[in-house]
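Okay, structure first, notes after.
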Protein chains: 2
Amino acid sequence: MHFGDRLAGAIQKYGPLCVGLDPHPNSIPAIFGQGLVGVEAFFSAVLQRLGGHCGIIKPQIAFFERYGPEGLAVLARLCAQARDAGLIVLMDAKRGDIGSTASAYASAYLGPDAWVHCDAITVNPYMGMDTLEPFLGMADERDKGVIVLVRTSNPGAADFEELIVEDKPLYQHIADALAPFARERRGLSSGWSSLMVVVGATAPVEARHLRLALPHSPFLVPGYGAQGASAADAVTAAMDGQGVVVNSSRGILFAPGAFEADNAAEWECIFDAALTKARDDLNVAMKMR
Amino acid sequence: MHFGDRLAGAIQKYGPLCVGLDPHPNSIPAIFGQGLVGVEAFFSAVLQRLGGHCGIIKPQIAFFERYGPEGLAVLARLCAQARDAGLIVLMDAKRGDIGSTASAYASAYLGPDAWVHCDAITVNPYMGMDTLEPFLGMADERDKGVIVLVRTSNPGAADFEELIVEDKPLYQHIADALAPFARERRGLSSGWSSLMVVVGATAPVEARHLRLALPHSPFLVPGYGAQGASAADAVTAAMDGQGVVVNSSRGILFAPGAFEADNAAEWECIFDAALTKARDDLNVAMKMR
């Protein structure tokens with residue numbers, strides 16, 4: 001099924017919440033074990049809790065790459081578990097390079113013999129549209145998605161992304177360049193494109209402007225929760241209860257008390273409460289729009 | 001030793017040539033074997049030929065990542081071999097992300113328990129200066145280098161990198177933002193900074209402008225050879241025989257006849273000739289400046 005349609009189906013069923021899998025060092029509850037073994041046990045438990053409560057996850061590959069080949073092997077096993085649980089996997093890798101190198105990345109993550117299962121991958125547009133095309137081509141062939149960084153949620157976004165080119169910021173130029181590619185990639189049943197964009201929740205006014213430029217692109221929204229943005233800010237670019245995927249990592253994974261949990265039942269209780277709260281807050285904010 | 005000083009030493013000894021390790025699929029000579037086994041045997045042979053003839057290599061991680069965990073394990077073994085042969089390893093990874101995620105990447109590649117040996121890593125500046133700082137901090141601690149994308153060699157560089165902000169292109173703004181960070185990272189013996197920048201050989205006029213903004217930063221120059229730039233264009237930003245590292249991948253690895261070589265001796269002969277030609281062409285161009 002078309003990626004935009006699949007994503008819309010998950011949002012309709014579970015709401016816009018996406019759980020980020022970010023194994024920060026020294027943040028895994030001790031009951032799951034130490035090091036990479038602990039990382040795998042912890043996220044395997046997280047994935048088991050998500051089934052039936054959340055439709056989308058976003059693994060941050062950097063924290064797995066930190067461990068080298070063994071870390072990637074763990075990531076591959078977790079993504080296979082996520083796929084089997086019916087979760088949509090957005091791989092946060094922020095890759096970007098020219099021609100044949102971009103093709104190698106596209107094959108690695110979206111190709112028919114990719115080493116890891118994912119449904120879409122984040123890419124960096126700085127080097128130009130020719131660096132995105134191999135990802136788009138592979139995604140089209142394989143019913144996958146591509147997620148382009150446009151306006152990120154970090155303070156440094158002001159350094160270059162917001163520089164004014166003629167009468168509008170750089171990120172708006174990137175959105176305008178993406179618009180025709182997004183339009184021609186709309187899903188037949190939902191109308192949502194397989195070309196997503198990253199638009200930080202810390203910039204709600206900018207998000208509404210970007211929605212005008214990219215009416216068919218689902219927005220992947222970081223910055224909700226730990227980075228300070230409210231649920232209302234996070235879903236500001238939603239249209240008819242669709243079109244936004246809101247990531248929460250630390251707010252759910254590292255909820256107060258989770259790290260110190262004495263046993264699995266206690267941890268599950270804390271995790272479920274944090275998950276339910278984030279999901280419900282976002283669903284209420286969606287309804288209020 | 002300070003990375004800028006080490007790099008200057010290698011350039012003084014062998015010239016500016018950097019050999020790119022880009023295992024394009026279906027490009028490994030058959031005598032080395034198939035698949036990832038062939039990749040490892042081929043590049044191990046390449047590294048053996050480089051000792052005493054070239055000081056710098058640039059592995060393109062995408063082509064190894066294509067093979068997943070096993071590909072990274074091969075890359076780690078090749079980089080260890082390169083280190084033992086005295087080669088400086090510039091990891092072409094073009095990573096870039098915020099805060100703790102950038103720290104994870106910095107630890108993965110430049111940290112004390114990095115999974116792979118490298119002396120510097122390429123990073124993408126689009127998300128802002130706060131995404132570069134974790135790399136710079138780790139590089140400072142460990143006498144490593146950071147290589148920031150500024151003006152790349154692909155046609156798509158015109159899409160965003162060259163957009164005019166006020167009176168100058170975006171890439172020039174990035175160079176200006178990097179300048180104070182580069183200045184404070186000069187090596188004591190050579191004066192060259194541990195903060196490098198990527199400046200494509202396909203833009204020699206731009207390279208001379210960027211040299212004014214970044215007088216202490218070694219330029220990593222792609223685009224020589226297969227991408228059409230001449231040796232003279234490639235070294236246009238050199239100063240007193242220093243300050244540029246010129247990458248050649250396909251022109252050396254995939255020289256005419258190399259793929260079809262019937263035996264190791266024949267391949268070695270073709271490889272050595274291509275390596276010597278590139279090195280000498282660049283050294284002559286450096287002397288003519």
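Scheme for the structure tokens: letters A, B, ... for chains in order shown; per-chain residue numbers from 1; ligand numbers from 1 in order shown.
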### Neighbours of chain B in chain A at 7 Å, counting only C-alpha atoms, as an MDAnalysis selection string
chainID A and resid 62:63 65:70 72:73 94:96 98 101 104:105 107:108 115 126:130 152 154 156:157 159:161 163:165
### Message
So that I can check the surroundings of Met196 (chain B), please list as a list in words every protein, DNA and RNA residue that reaches within 8 Å of it, counting only C-alpha atoms and ignoring chain neighbours fewer than 4 positions away.
### Response
Gly145, Val146, Ile147, Val148, Ala182, Ser217, Pro218, Phe219 and Leu220 of chain B
### Task
Please give the complete set of residues from region 114-288 of chain B that DSSP, run on the backbone, assigns to alpha helix (DSSP H), formatted as number ranges by chain.
B: 133-142, 170-183, 204-213, 231-234, 250-253, 264-288
### Query
Near Gly223 (chain A), counting only C-alpha atoms, which residues have an atom at most 7 Å away, once you skip same-chain residues fewer than 3 positions from it, shown as a PyMOL selection string?
chain A and resi 153+200-202+226-229
#### Entry: Residue contacts of region 190-192 of chain A (10 Å, only C-alpha atoms) excluding same-chain residues fewer than 2 positions away, as a list in words
His2, Phe3, Gly4, Asp5, Arg6, Leu7, Ala8, Gly9, Ala182, Arg183, Arg185, Arg186, Gly187, Leu188, Ser194, Leu195, Met196, Pro215, His216, Ser217, Pro218, Gln242 and Gly243 of chain A
### Message
I need the residues in region 115-187 of chain A that are strand (DSSP E or B) according to DSSP; give them as an MDAnalysis selection string.
### Response
chainID A and resid 120:123 145:151 164:165 168:169 186
Would you save the residues from that selection as an mmCIF file, in the first residue's frame, using C-alpha atoms?
data_model
loop_
_atom_site.group_PDB
_atom_site.id
_atom_site.type_symbol
_atom_site.label_atom_id
_atom_site.label_comp_id
_atom_site.auth_asym_id
_atom_site.auth_seq_id
_atom_site.Cartn_x
_atom_site.Cartn_y
_atom_site.Cartn_z
ATOM 1 C CA ALA A 120 10.745 5.825 5.518
ATOM 2 C CA ILE A 121 14.048 7.598 6.187
ATOM 3 C CA THR A 122 14.961 11.182 7.104
ATOM 4 C CA VAL A 123 17.297 12.955 4.649
ATOM 5 C CA GLY A 145 8.475 7.287 2.227
ATOM 6 C CA VAL A 146 11.157 10.004 2.281
ATOM 7 C CA ILE A 147 11.269 12.609 5.074
ATOM 8 C CA VAL A 148 13.179 15.796 4.223
ATOM 9 C CA LEU A 149 14.558 18.138 6.903
ATOM 10 C CA VAL A 150 12.957 21.530 6.390
ATOM 11 C CA ARG A 151 12.674 23.486 9.651
ATOM 12 C CA ILE A 164 16.348 35.226 4.367
ATOM 13 C CA VAL A 165 16.745 34.575 0.647
ATOM 14 C CA LYS A 168 11.538 34.356 2.576
ATOM 15 C CA PRO A 169 13.606 32.030 4.753
ATOM 16 C CA ARG A 186 -0.158 11.587 -3.200
#
### Query
What's the 7 Å shell around Leu110 (chain B), counting only C-alpha atoms, without same-chain residues fewer than 5 positions away, as JSON, numbers by chain?
{"B": [118, 138, 139, 144]}
### Query
What's the 12 Å shell around region 265-277 of chain B, counting only C-alpha atoms, without same-chain residues fewer than 2 positions away, as a VMD selection string?
chain B and resid 14 to 15 17 to 20 28 to 32 42 to 43 45 to 54 225 231 247 to 263 279 to 284
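The coordinates place CA of Asp119 (chain B) at 26.0 Å from CA of Arg208 (chain B).
Distance-wise, CA of Met91 (chain A) and CA of Lys58 (chain A) end up 5.6 Å apart.
For the set A:Leu87, A:Leu21, A:Val37, A:Ala10, the residue with the smallest atom-to-atom gap to Val245 (chain A) is A:Ala10, counting only C-alpha atoms.
You will find CA of Leu178 (chain A) at 9.0 Å from CA of Ala213 (chain A).
Minimum atom-to-atom distance to Leu212 (chain A), evaluated using only C-alpha atoms, belongs to A:Ala238 out of A:Glu141, A:Arg289, A:Cys79, A:Ala238.
Of the residues under consideration (A:Met286, A:Glu133, A:Ala203, A:Ile88), A:Met286 shows the shortest atom-to-atom contact distance to Met239 (chain A) when counting only C-alpha atoms.
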